Structure formats: structure tokens, C-alpha cells
file model-v6.pdb (PDB, C-alpha atoms, pLDDT in the B column)
ATOM      1  CA  MET A 141    -130.880  91.806 142.481  1.00 69.00           C
ATOM      2  CA  GLU A 142    -127.577  90.564 141.104  1.00 83.00           C
ATOM      3  CA  PRO A 143    -127.570  87.552 138.766  1.00 87.00           C
ATOM      4  CA  ALA A 144    -126.430  84.245 140.225  1.00 92.00           C
ATOM      5  CA  VAL A 145    -125.387  80.972 138.632  1.00 94.00           C
ATOM      6  CA  ARG A 146    -125.218  77.586 140.324  1.00 95.00           C
ATOM      7  CA  PHE A 147    -122.656  75.095 139.083  1.00 97.00           C
ATOM      8  CA  THR A 148    -121.586  71.624 140.130  1.00 97.00           C
ATOM      9  CA  PHE A 149    -118.349  69.808 139.455  1.00 98.00           C
ATOM     10  CA  GLY A 150    -118.422  66.165 138.442  1.00 96.00           C
ATOM     11  CA  THR A 151    -117.225  63.596 140.963  1.00 95.00           C
ATOM     12  CA  HIS A 152    -114.542  62.510 138.478  1.00 97.00           C
ATOM     13  CA  VAL A 153    -112.892  65.955 138.560  1.00 97.00           C
ATOM     14  CA  PRO A 154    -109.734  66.067 140.732  1.00 97.00           C
ATOM     15  CA  GLU A 155    -109.616  68.496 143.678  1.00 96.00           C
ATOM     16  CA  ASP A 156    -106.783  70.553 142.164  1.00 97.00           C
ATOM     17  CA  THR A 157    -108.810  71.036 138.978  1.00 97.00           C
ATOM     18  CA  VAL A 158    -111.820  72.158 141.036  1.00 97.00           C
ATOM     19  CA  ALA A 159    -109.613  74.653 142.894  1.00 97.00           C
ATOM     20  CA  SER A 160    -108.273  76.043 139.617  1.00 97.00           C
ATOM     21  CA  TRP A 161    -111.758  76.484 138.141  1.00 98.00           C
ATOM     22  CA  LEU A 162    -113.011  78.115 141.368  1.00 97.00           C
ATOM     23  CA  SER A 163    -110.153  80.594 141.252  1.00 97.00           C
ATOM     24  CA  THR A 164    -110.885  81.473 137.632  1.00 97.00           C
ATOM     25  CA  ILE A 165    -114.657  81.724 138.138  1.00 97.00           C
ATOM     26  CA  GLY A 166    -114.012  83.874 141.213  1.00 96.00           C
ATOM     27  CA  ALA A 167    -112.830  86.629 138.875  1.00 94.00           C
ATOM     28  CA  CYS A 168    -116.474  86.983 137.782  1.00 95.00           C
ATOM     29  CA  GLY A 169    -117.981  87.552 141.211  1.00 95.00           C
ATOM     30  CA  ILE A 170    -118.458  86.123 144.663  1.00 96.00           C
ATOM     31  CA  VAL A 171    -118.326  82.323 144.824  1.00 97.00           C
ATOM     32  CA  ARG A 172    -119.832  80.455 147.746  1.00 96.00           C
ATOM     33  CA  ALA A 173    -120.317  76.767 148.425  1.00 96.00           C
ATOM     34  CA  VAL A 174    -123.852  75.393 148.484  1.00 95.00           C
ATOM     35  CA  GLU A 175    -124.633  74.178 151.983  1.00 95.00           C
ATOM     36  CA  GLY A 176    -124.790  70.392 152.212  1.00 95.00           C
ATOM     37  CA  SER A 177    -122.903  69.773 148.978  1.00 92.00           C
ATOM     38  CA  GLU A 178    -119.221  69.163 148.472  1.00 90.00           C
ATOM     39  CA  ARG A 179    -119.127  70.049 144.766  1.00 96.00           C
ATOM     40  CA  SER A 180    -121.859  72.647 144.192  1.00 96.00           C
ATOM     41  CA  TYR A 181    -121.278  76.384 144.231  1.00 97.00           C
ATOM     42  CA  VAL A 182    -123.079  79.619 143.418  1.00 96.00           C
ATOM     43  CA  VAL A 183    -121.406  82.635 141.878  1.00 96.00           C
ATOM     44  CA  THR A 184    -123.052  86.039 142.239  1.00 94.00           C
ATOM     45  CA  VAL A 185    -122.008  88.379 139.466  1.00 93.00           C
ATOM     46  CA  ARG A 186    -121.378  91.888 140.732  1.00 85.00           C
ATOM     47  CA  ARG A 187    -119.479  93.648 137.942  1.00 84.00           C
ATOM     48  CA  ALA A 188    -120.730  94.879 134.593  1.00 78.00           C
ATOM     49  CA  GLY A 189    -119.409  92.690 131.813  1.00 87.00           C
ATOM     50  CA  ALA A 190    -118.478  89.797 134.081  1.00 93.00           C
ATOM     51  CA  MET A 191    -121.531  87.757 133.064  1.00 92.00           C
ATOM     52  CA  GLU A 192    -120.245  87.373 129.501  1.00 93.00           C
ATOM     53  CA  TYR A 193    -116.909  86.054 130.766  1.00 94.00           C
ATOM     54  CA  LEU A 194    -118.701  83.737 133.196  1.00 95.00           C
ATOM     55  CA  LYS A 195    -120.890  82.345 130.411  1.00 94.00           C
ATOM     56  CA  THR A 196    -117.764  81.644 128.371  1.00 95.00           C
ATOM     57  CA  LEU A 197    -116.097  79.855 131.296  1.00 96.00           C
ATOM     58  CA  LEU A 198    -119.164  77.760 132.105  1.00 96.00           C
ATOM     59  CA  SER A 199    -119.660  76.794 128.464  1.00 96.00           C
ATOM     60  CA  GLU A 200    -116.053  75.642 128.310  1.00 97.00           C
ATOM     61  CA  GLY A 201    -116.433  73.711 131.572  1.00 97.00           C
ATOM     62  CA  GLU A 202    -119.522  71.955 130.233  1.00 97.00           C
ATOM     63  CA  ARG A 203    -117.793  71.196 126.920  1.00 97.00           C
ATOM     64  CA  ARG A 204    -114.903  69.600 128.816  1.00 97.00           C
ATOM     65  CA  ALA A 205    -117.372  67.686 131.066  1.00 97.00           C
ATOM     66  CA  VAL A 206    -115.880  69.310 134.175  1.00 97.00           C
ATOM     67  CA  LEU A 207    -119.050  70.987 135.442  1.00 97.00           C
ATOM     68  CA  ALA A 208    -122.737  71.583 134.865  1.00 97.00           C
ATOM     69  CA  SER A 209    -124.388  74.964 135.405  1.00 95.00           C
ATOM     70  CA  GLN A 210    -127.835  76.395 135.995  1.00 91.00           C
ATOM     71  CA  TYR A 211    -128.752  80.065 135.799  1.00 82.00           C
ATOM     72  CA  THR A 212    -130.987  81.247 138.631  1.00 73.00           C
ATOM     73  CA  ALA A 213    -133.540  84.014 138.469  1.00 57.00           C
ATOM     74  CA  PRO A 214    -132.169  87.426 139.405  1.00 56.00           C
TER      75      PRO A 214
END
call {"tool": "encode", "arguments": {"input": "model-v6.pdb", "output": "C-alpha cells"}}
result
Amino acid sequence: MEPAVRFTFGTHVPEDTVASWLSTIGACGIVRAVEGSERSYVVTVRRAGAMEYLKTLLSEGERRAVLASQYTAP
């Protein structure tokens, strides 16, 4: 099974910033919205090496207080 990561954007983050982050994170795999949530998404990593880039992006997003992430079991 492919690894997946759930992440949620803060309510203070503007829509255009969310769109930019989604576009960037989309380079790591398939991003889908979590049903019933307006700001939660799951990315499924499908390429070798993409997980390292994703971890870097999510760490930066957390450092900037843009998003919070949670790794799910593969």
C-alpha cells in the first residue's frame, strides 16, 4: 500500500495560499480533499523519492504555521 499523509490548513490561511500549497504538494502524489472538511486533505505518495520532498514541504508548512500534518499507516 502506498504511504499517505493527512494535512489540514489553518483557518487563518488565505484561499490563494492554500491553492499554492496544494499545487506544490501535488507534485509529490495524488491530493484529495477529506470528505466533510473544507481544509483537510490527504496526499498519497506514488513515486520513489517523493516522500522526502513531501516531508520537507510539510515541515516548512508547520514551521510557518500554515498547516498541520499527520502520517497515516501504509
call {"tool": "resolve_selection", "arguments": {"input": "model-v6.pdb", "expression": "the PyMOL selection byres ((chain A and resi 186) around 10)", "output": "list in words"}}
result
Met141, Glu142, Pro143, Ala144, Cys168, Gly169, Ile170, Val183, Thr184, Val185, Arg187, Ala188, Gly189, Ala190 and Met191 of chain A
call {"tool": "closest_residue", "arguments": {"input": "model-v6.pdb", "among": "A:His152, A:Arg203, A:Ile165, A:Thr157", "to": "Val182 of chain A", "atoms": "only C-alpha atoms"}}
result
A:Ile165
call {"tool": "atom_distance", "arguments": {"input": "model-v6.pdb", "atom1": "atom CA of Tyr181 of chain A", "atom2": "atom CA of Thr148 of chain A"}}
result
6.3 Å
call {"tool": "residues_around", "arguments": {"input": "model-v6.pdb", "residues": "segment 204-208 of chain A", "least_positions_apart": "5", "cutoff": "8 Å", "atoms": "all atoms listed in the file", "output": "mmCIF file with C-alpha atoms, keeping the file's coordinate frame"}}
result
data_model
loop_
_atom_site.group_PDB
_atom_site.id
_atom_site.type_symbol
_atom_site.label_atom_id
_atom_site.label_comp_id
_atom_site.auth_asym_id
_atom_site.auth_seq_id
_atom_site.Cartn_x
_atom_site.Cartn_y
_atom_site.Cartn_z
ATOM 1 C CA PHE A 147 -122.656 75.095 139.083
ATOM 2 C CA THR A 148 -121.586 71.624 140.130
ATOM 3 C CA PHE A 149 -118.349 69.808 139.455
ATOM 4 C CA GLY A 150 -118.422 66.165 138.442
ATOM 5 C CA VAL A 153 -112.892 65.955 138.560
ATOM 6 C CA LEU A 198 -119.164 77.760 132.105
#
call {"tool": "atom_distance", "arguments": {"input": "model-v6.pdb", "atom1": "atom CA of Ser209 of chain A", "atom2": "atom CA of Ser163 of chain A"}}
result
16.4 Å
call {"tool": "atom_distance", "arguments": {"input": "model-v6.pdb", "atom1": "atom CA of Glu175 of chain A", "atom2": "atom CA of Pro154 of chain A"}}
result
20.4 Å
call {"tool": "closest_residue", "arguments": {"input": "model-v6.pdb", "among": "A:Gln210, A:Ser180, A:Val174, A:Gly166", "to": "Thr151 of chain A", "atoms": "only C-alpha atoms"}}
result
A:Ser180
call {"tool": "closest_residue", "arguments": {"input": "model-v6.pdb", "among": "A:Ala167, A:Arg172, A:Trp161, A:Arg146", "to": "Gly201 of chain A", "atoms": "all atoms listed in the file"}}
result
A:Trp161
call {"tool": "closest_residue", "arguments": {"input": "model-v6.pdb", "among": "A:Ser160, A:Lys195, A:Glu200, A:Glu155", "to": "Arg179 of chain A", "atoms": "only C-alpha atoms"}}
result
A:Glu155
call {"tool": "closest_residue", "arguments": {"input": "model-v6.pdb", "among": "A:Asp156, A:Val145, A:Gly176, A:Thr164", "to": "Leu197 of chain A", "atoms": "only C-alpha atoms"}}
result
A:Thr164
call {"tool": "decode", "arguments": {"input": "model-v6.pdb", "residues": "segment 198-214 of chain A", "atoms": "all heavy atoms", "output": "mmCIF file, in the first residue's frame"}}
result
data_model
loop_
_atom_site.group_PDB
_atom_site.id
_atom_site.type_symbol
_atom_site.label_atom_id
_atom_site.label_comp_id
_atom_site.auth_asym_id
_atom_site.auth_seq_id
_atom_site.Cartn_x
_atom_site.Cartn_y
_atom_site.Cartn_z
ATOM 1 N N LEU A 198 6.014 19.648 4.228
ATOM 2 C CA LEU A 198 5.144 19.663 5.397
ATOM 3 C C LEU A 198 5.845 20.264 6.614
ATOM 4 O O LEU A 198 5.224 21.005 7.390
ATOM 5 C CB LEU A 198 4.633 18.258 5.691
ATOM 6 C CG LEU A 198 3.732 17.653 4.611
ATOM 7 C CD1 LEU A 198 3.373 16.219 4.951
ATOM 8 C CD2 LEU A 198 2.487 18.495 4.387
ATOM 9 N N SER A 199 7.121 19.979 6.766
ATOM 10 C CA SER A 199 7.882 20.585 7.866
ATOM 11 C C SER A 199 7.908 22.102 7.729
ATOM 12 O O SER A 199 7.752 22.827 8.715
ATOM 13 C CB SER A 199 9.312 20.041 7.892
ATOM 14 O OG SER A 199 9.323 18.695 8.245
ATOM 15 N N GLU A 200 8.107 22.566 6.514
ATOM 16 C CA GLU A 200 8.125 24.012 6.270
ATOM 17 C C GLU A 200 6.744 24.616 6.518
ATOM 18 O O GLU A 200 6.622 25.699 7.096
ATOM 19 C CB GLU A 200 8.590 24.310 4.840
ATOM 20 C CG GLU A 200 8.731 25.778 4.522
ATOM 21 C CD GLU A 200 9.796 26.488 5.338
ATOM 22 O OE1 GLU A 200 10.684 25.841 5.917
ATOM 23 O OE2 GLU A 200 9.731 27.737 5.401
ATOM 24 N N GLY A 201 5.697 23.930 6.094
ATOM 25 C CA GLY A 201 4.337 24.416 6.339
ATOM 26 C C GLY A 201 4.017 24.501 7.820
ATOM 27 O O GLY A 201 3.376 25.448 8.279
ATOM 28 N N GLU A 202 4.477 23.521 8.584
ATOM 29 C CA GLU A 202 4.260 23.543 10.033
ATOM 30 C C GLU A 202 5.078 24.663 10.683
ATOM 31 O O GLU A 202 4.596 25.353 11.576
ATOM 32 C CB GLU A 202 4.592 22.183 10.639
ATOM 33 C CG GLU A 202 3.551 21.142 10.254
ATOM 34 C CD GLU A 202 3.876 19.748 10.741
ATOM 35 O OE1 GLU A 202 4.992 19.512 11.273
ATOM 36 O OE2 GLU A 202 2.998 18.876 10.604
ATOM 37 N N ARG A 203 6.312 24.830 10.232
ATOM 38 C CA ARG A 203 7.165 25.902 10.768
ATOM 39 C C ARG A 203 6.542 27.277 10.539
ATOM 40 O O ARG A 203 6.582 28.145 11.398
ATOM 41 C CB ARG A 203 8.555 25.839 10.118
ATOM 42 C CG ARG A 203 9.552 26.808 10.744
ATOM 43 C CD ARG A 203 10.872 26.806 10.017
ATOM 44 N NE ARG A 203 10.822 27.441 8.727
ATOM 45 C CZ ARG A 203 10.773 28.757 8.511
ATOM 46 N NH1 ARG A 203 10.747 29.590 9.516
ATOM 47 N NH2 ARG A 203 10.745 29.249 7.289
ATOM 48 N N ARG A 204 5.918 27.446 9.383
ATOM 49 C CA ARG A 204 5.277 28.728 9.052
ATOM 50 C C ARG A 204 3.864 28.843 9.608
ATOM 51 O O ARG A 204 3.184 29.836 9.371
ATOM 52 C CB ARG A 204 5.211 28.895 7.535
ATOM 53 C CG ARG A 204 6.549 29.037 6.892
ATOM 54 C CD ARG A 204 6.405 29.180 5.398
ATOM 55 N NE ARG A 204 7.687 29.224 4.755
ATOM 56 C CZ ARG A 204 7.950 29.953 3.679
ATOM 57 N NH1 ARG A 204 7.008 30.683 3.139
ATOM 58 N NH2 ARG A 204 9.143 29.926 3.150
ATOM 59 N N ALA A 205 3.397 27.814 10.317
ATOM 60 C CA ALA A 205 2.049 27.770 10.917
ATOM 61 C C ALA A 205 0.955 27.881 9.853
ATOM 62 O O ALA A 205 -0.083 28.498 10.057
ATOM 63 C CB ALA A 205 1.886 28.845 11.979
ATOM 64 N N VAL A 206 1.200 27.267 8.701
ATOM 65 C CA VAL A 206 0.232 27.242 7.607
ATOM 66 C C VAL A 206 -0.621 25.985 7.682
ATOM 67 O O VAL A 206 -1.810 26.020 7.404
ATOM 68 C CB VAL A 206 0.959 27.315 6.241
ATOM 69 C CG1 VAL A 206 0.007 27.091 5.086
ATOM 70 C CG2 VAL A 206 1.674 28.634 6.094
ATOM 71 N N LEU A 207 0.011 24.864 8.093
ATOM 72 C CA LEU A 207 -0.702 23.590 8.119
ATOM 73 C C LEU A 207 -0.179 22.696 9.236
ATOM 74 O O LEU A 207 0.863 22.962 9.825
ATOM 75 C CB LEU A 207 -0.579 22.876 6.767
ATOM 76 C CG LEU A 207 0.818 22.576 6.220
ATOM 77 C CD1 LEU A 207 1.403 21.313 6.830
ATOM 78 C CD2 LEU A 207 0.765 22.433 4.719
ATOM 79 N N ALA A 208 -0.941 21.660 9.509
ATOM 80 C CA ALA A 208 -0.548 20.599 10.423
ATOM 81 C C ALA A 208 -0.702 19.290 9.666
ATOM 82 O O ALA A 208 -1.613 19.149 8.851
ATOM 83 C CB ALA A 208 -1.430 20.600 11.661
ATOM 84 N N SER A 209 0.200 18.332 9.919
ATOM 85 C CA SER A 209 0.146 17.075 9.182
ATOM 86 C C SER A 209 0.166 15.883 10.113
ATOM 87 O O SER A 209 0.582 15.979 11.272
ATOM 88 C CB SER A 209 1.320 16.978 8.198
ATOM 89 O OG SER A 209 2.544 16.970 8.904
ATOM 90 N N GLN A 210 -0.300 14.762 9.579
ATOM 91 C CA GLN A 210 -0.337 13.502 10.316
ATOM 92 C C GLN A 210 -0.075 12.382 9.329
ATOM 93 O O GLN A 210 -0.814 12.232 8.341
ATOM 94 C CB GLN A 210 -1.690 13.324 10.984
ATOM 95 C CG GLN A 210 -1.832 12.016 11.695
ATOM 96 C CD GLN A 210 -3.235 11.856 12.285
ATOM 97 O OE1 GLN A 210 -4.135 12.627 11.988
ATOM 98 N NE2 GLN A 210 -3.393 10.850 13.107
ATOM 99 N N TYR A 211 0.949 11.584 9.585
ATOM 100 C CA TYR A 211 1.257 10.458 8.722
ATOM 101 C C TYR A 211 0.325 9.318 9.066
ATOM 102 O O TYR A 211 0.056 9.038 10.233
ATOM 103 C CB TYR A 211 2.723 10.029 8.899
ATOM 104 C CG TYR A 211 3.660 11.090 8.406
ATOM 105 C CD1 TYR A 211 4.050 12.143 9.223
ATOM 106 C CD2 TYR A 211 4.134 11.057 7.101
ATOM 107 C CE1 TYR A 211 4.900 13.144 8.767
ATOM 108 C CE2 TYR A 211 4.986 12.058 6.633
ATOM 109 C CZ TYR A 211 5.361 13.083 7.469
ATOM 110 O OH TYR A 211 6.181 14.071 6.993
ATOM 111 N N THR A 212 -0.211 8.664 8.052
ATOM 112 C CA THR A 212 -1.124 7.537 8.262
ATOM 113 C C THR A 212 -0.379 6.248 7.969
ATOM 114 O O THR A 212 0.622 6.250 7.246
ATOM 115 C CB THR A 212 -2.370 7.652 7.366
ATOM 116 O OG1 THR A 212 -1.949 7.650 5.995
ATOM 117 C CG2 THR A 212 -3.142 8.924 7.648
ATOM 118 N N ALA A 213 -0.855 5.175 8.507
ATOM 119 C CA ALA A 213 -0.219 3.879 8.295
ATOM 120 C C ALA A 213 -0.365 3.454 6.839
ATOM 121 O O ALA A 213 -1.430 3.620 6.253
ATOM 122 C CB ALA A 213 -0.842 2.841 9.202
ATOM 123 N N PRO A 214 0.723 2.934 6.270
ATOM 124 C CA PRO A 214 0.640 2.478 4.875
ATOM 125 C C PRO A 214 -0.237 1.255 4.730
ATOM 126 O O PRO A 214 -0.518 0.561 5.625
ATOM 127 C CB PRO A 214 2.079 2.169 4.505
ATOM 128 C CG PRO A 214 2.865 2.162 5.753
ATOM 129 C CD PRO A 214 2.032 2.781 6.828
#
